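Read the structure below first, then the notes.
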Amino acid sequence: MDALKEKLLFETLQKVLDTTATANFPLDTIGEFVVSDVMGFGTTVDEKIIGIQGFRKLLEDQREQSKGLDIQFKTSLIHRRIFAQENAALFTHDFTVTIQMGNEENVLPLRFSTVFEYFNDHWRLVHFHGSQAVNSEGDTWHRNELIKKNEALQKLVDEKTADLKNKNAALEQAIQTIKETQDQLLQQEKLASLGQLTAGIAHEIKNPLNFVNNFSELSQDFIEEIEEELEKNPQYF
């Protein structure tokens with residue numbers, strides 16, 4: 001590849017990298033180095049971009065979400081390949097994004113691949129792919145990561161189950177206390193009813209006894225009067 005063509009390629013590559021890493025990059029100029037039907041993937045599931053307007057919307061969203069944050073980008077070229085009679089090129093970079101939030105520093109490792117095509121004396125971006133590098137060395141299918149997630153989920157389920165059992169035990173104890181209280185109230189009601197019945201029976205028994213007592217006292221008075229009369233008039237008897 002001649003020096004001028006290679007110089008244009010790296011200038012175009014730098015412009016693409018700057019669209020993400022430089023907050024004040026003029027987005028109105030992306031049509032100069034991005035094809036209208038560009039296609040690419042961002043780092044999230046919903047970021048599937050088709051067309052230059054989608055690419056611009058992705059960049060605008062990134063800028064909006066970056067407001068108020070101290071973000072630093074560091075890029076490192078991993079691989080490049082020139083092919084198709086030196087009219088196409090592939091670049092792969094490692095991105096290290098450092099986000100400072102107060103006293104906390106968050107480091108986000110990313111990977112970014114770009115494909116360029118040369119026509120009409122210009123290089124233009126035709127495809128890109130961003131992905132997040134996860135820590136799963138020696139585990140292609142992230143099996144260990146899935147196992148850890150499952151273990152964490154099982155731990156959470158066990159904790160919730162134990163908490164539910166404790167709450168059920170407390171509820172059963174409360175129900176038992178309520179039943180015992182109900183039994184005590186029922187027993188007290190029965191005793192109260194029995195007391196009322198006993199009082200009624202005693203009242204009914206007391207009335208005849210009062211009559212007998214009164215009659216006995218009256219009879220005793222009559223007897224005393226008769227004895228007094230006998231003492232006064234013994235000749236009549």
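Residue numbers start at 1 in each chain; chains themselves are named A, B, ... in the order of the structure tokens; ligands are numbered from 1 in the order shown.
Neighbouring residues of Phe10 of chain A at 12 Å or closer, counting only C-alpha atoms and skipping chain neighbours under 2 positions away, are Ala3, Leu4, Lys5, Glu6, Lys7, Leu8, Thr12, Leu13, Gln14, Lys15, Val16, Leu17, Phe33, Leu77, Arg80, Ala89, Leu90, Phe91, Thr114, Phe116, His122, Trp123, Arg124 and Leu125 of chain A.
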(request) Extract the full set of strand (DSSP E or B) residues from segment 61-172 of chain A according to DSSP on the backbone, and format it as a PyMOL selection string. (result) chain A and resi 70-83+88-101+104-119+122-132
(request) Would you list the contacts of segment 102-106 of chain A as an MDAnalysis selection string, taking every protein, DNA or RNA residue within 12 Å and counting only C-alpha atoms, but skipping same-chain residues closer than 2 positions in sequence? (result) chainID A and resid 68:72 96:100 108:109
If you keep N, CA, C and O atoms, can you produce a file of those selected residues as a short mmCIF file (atom, residue, chain, number, x, y, z; two decimals), in the first residue's frame?
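See again-v3.cif below for the written result:
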```
data_model
loop_
_atom_site.label_atom_id
_atom_site.label_comp_id
_atom_site.auth_asym_id
_atom_site.auth_seq_id
_atom_site.Cartn_x
_atom_site.Cartn_y
_atom_site.Cartn_z
N GLY A 68 -21.54 14.64 33.11
CA GLY A 68 -21.25 14.68 34.54
C GLY A 68 -20.28 13.63 35.03
O GLY A 68 -19.98 13.58 36.22
N LEU A 69 -19.81 12.80 34.12
CA LEU A 69 -18.88 11.74 34.52
C LEU A 69 -17.47 12.06 34.02
O LEU A 69 -17.29 12.64 32.94
N ASP A 70 -16.49 11.67 34.80
CA ASP A 70 -15.09 11.81 34.41
C ASP A 70 -14.67 10.49 33.76
O ASP A 70 -14.45 9.49 34.44
N ILE A 71 -14.60 10.48 32.41
CA ILE A 71 -14.33 9.25 31.66
C ILE A 71 -13.02 9.41 30.89
O ILE A 71 -12.83 10.39 30.17
N GLN A 72 -12.16 8.42 31.03
CA GLN A 72 -10.88 8.40 30.32
C GLN A 72 -10.83 7.15 29.45
O GLN A 72 -11.20 6.05 29.89
N THR A 96 -9.76 0.49 27.20
CA THR A 96 -9.88 0.54 28.65
C THR A 96 -10.57 1.84 29.00
O THR A 96 -10.02 2.92 28.79
N VAL A 97 -11.79 1.72 29.52
CA VAL A 97 -12.58 2.90 29.88
C VAL A 97 -12.57 3.03 31.40
O VAL A 97 -13.02 2.13 32.11
N THR A 98 -12.05 4.14 31.88
CA THR A 98 -12.00 4.40 33.32
C THR A 98 -13.01 5.48 33.66
O THR A 98 -12.95 6.59 33.13
N ILE A 99 -13.95 5.14 34.55
CA ILE A 99 -15.02 6.07 34.94
C ILE A 99 -14.84 6.41 36.41
O ILE A 99 -14.88 5.54 37.27
N GLN A 100 -14.64 7.69 36.68
CA GLN A 100 -14.45 8.17 38.04
C GLN A 100 -15.77 8.73 38.55
O GLN A 100 -16.32 9.68 38.00
N LEU A 108 -13.70 -0.38 32.85
CA LEU A 108 -14.51 -1.19 31.95
C LEU A 108 -13.64 -1.64 30.77
O LEU A 108 -13.30 -0.82 29.92
N PRO A 109 -13.28 -2.93 30.70
CA PRO A 109 -12.49 -3.40 29.56
C PRO A 109 -13.40 -3.73 28.37
O PRO A 109 -14.38 -4.46 28.50
#
```
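When only C-alpha atoms are used to compute distances to Val35 of chain A, the closest of the residues A:Lys48, A:His127, A:His93, A:Lys57 turns out to be A:His127.
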(message) Between atom CA of Ala23 of chain A and atom CA of Gln65 of chain A, what distance in Å does the model show, to one decimal?
(response) 11.3 Å
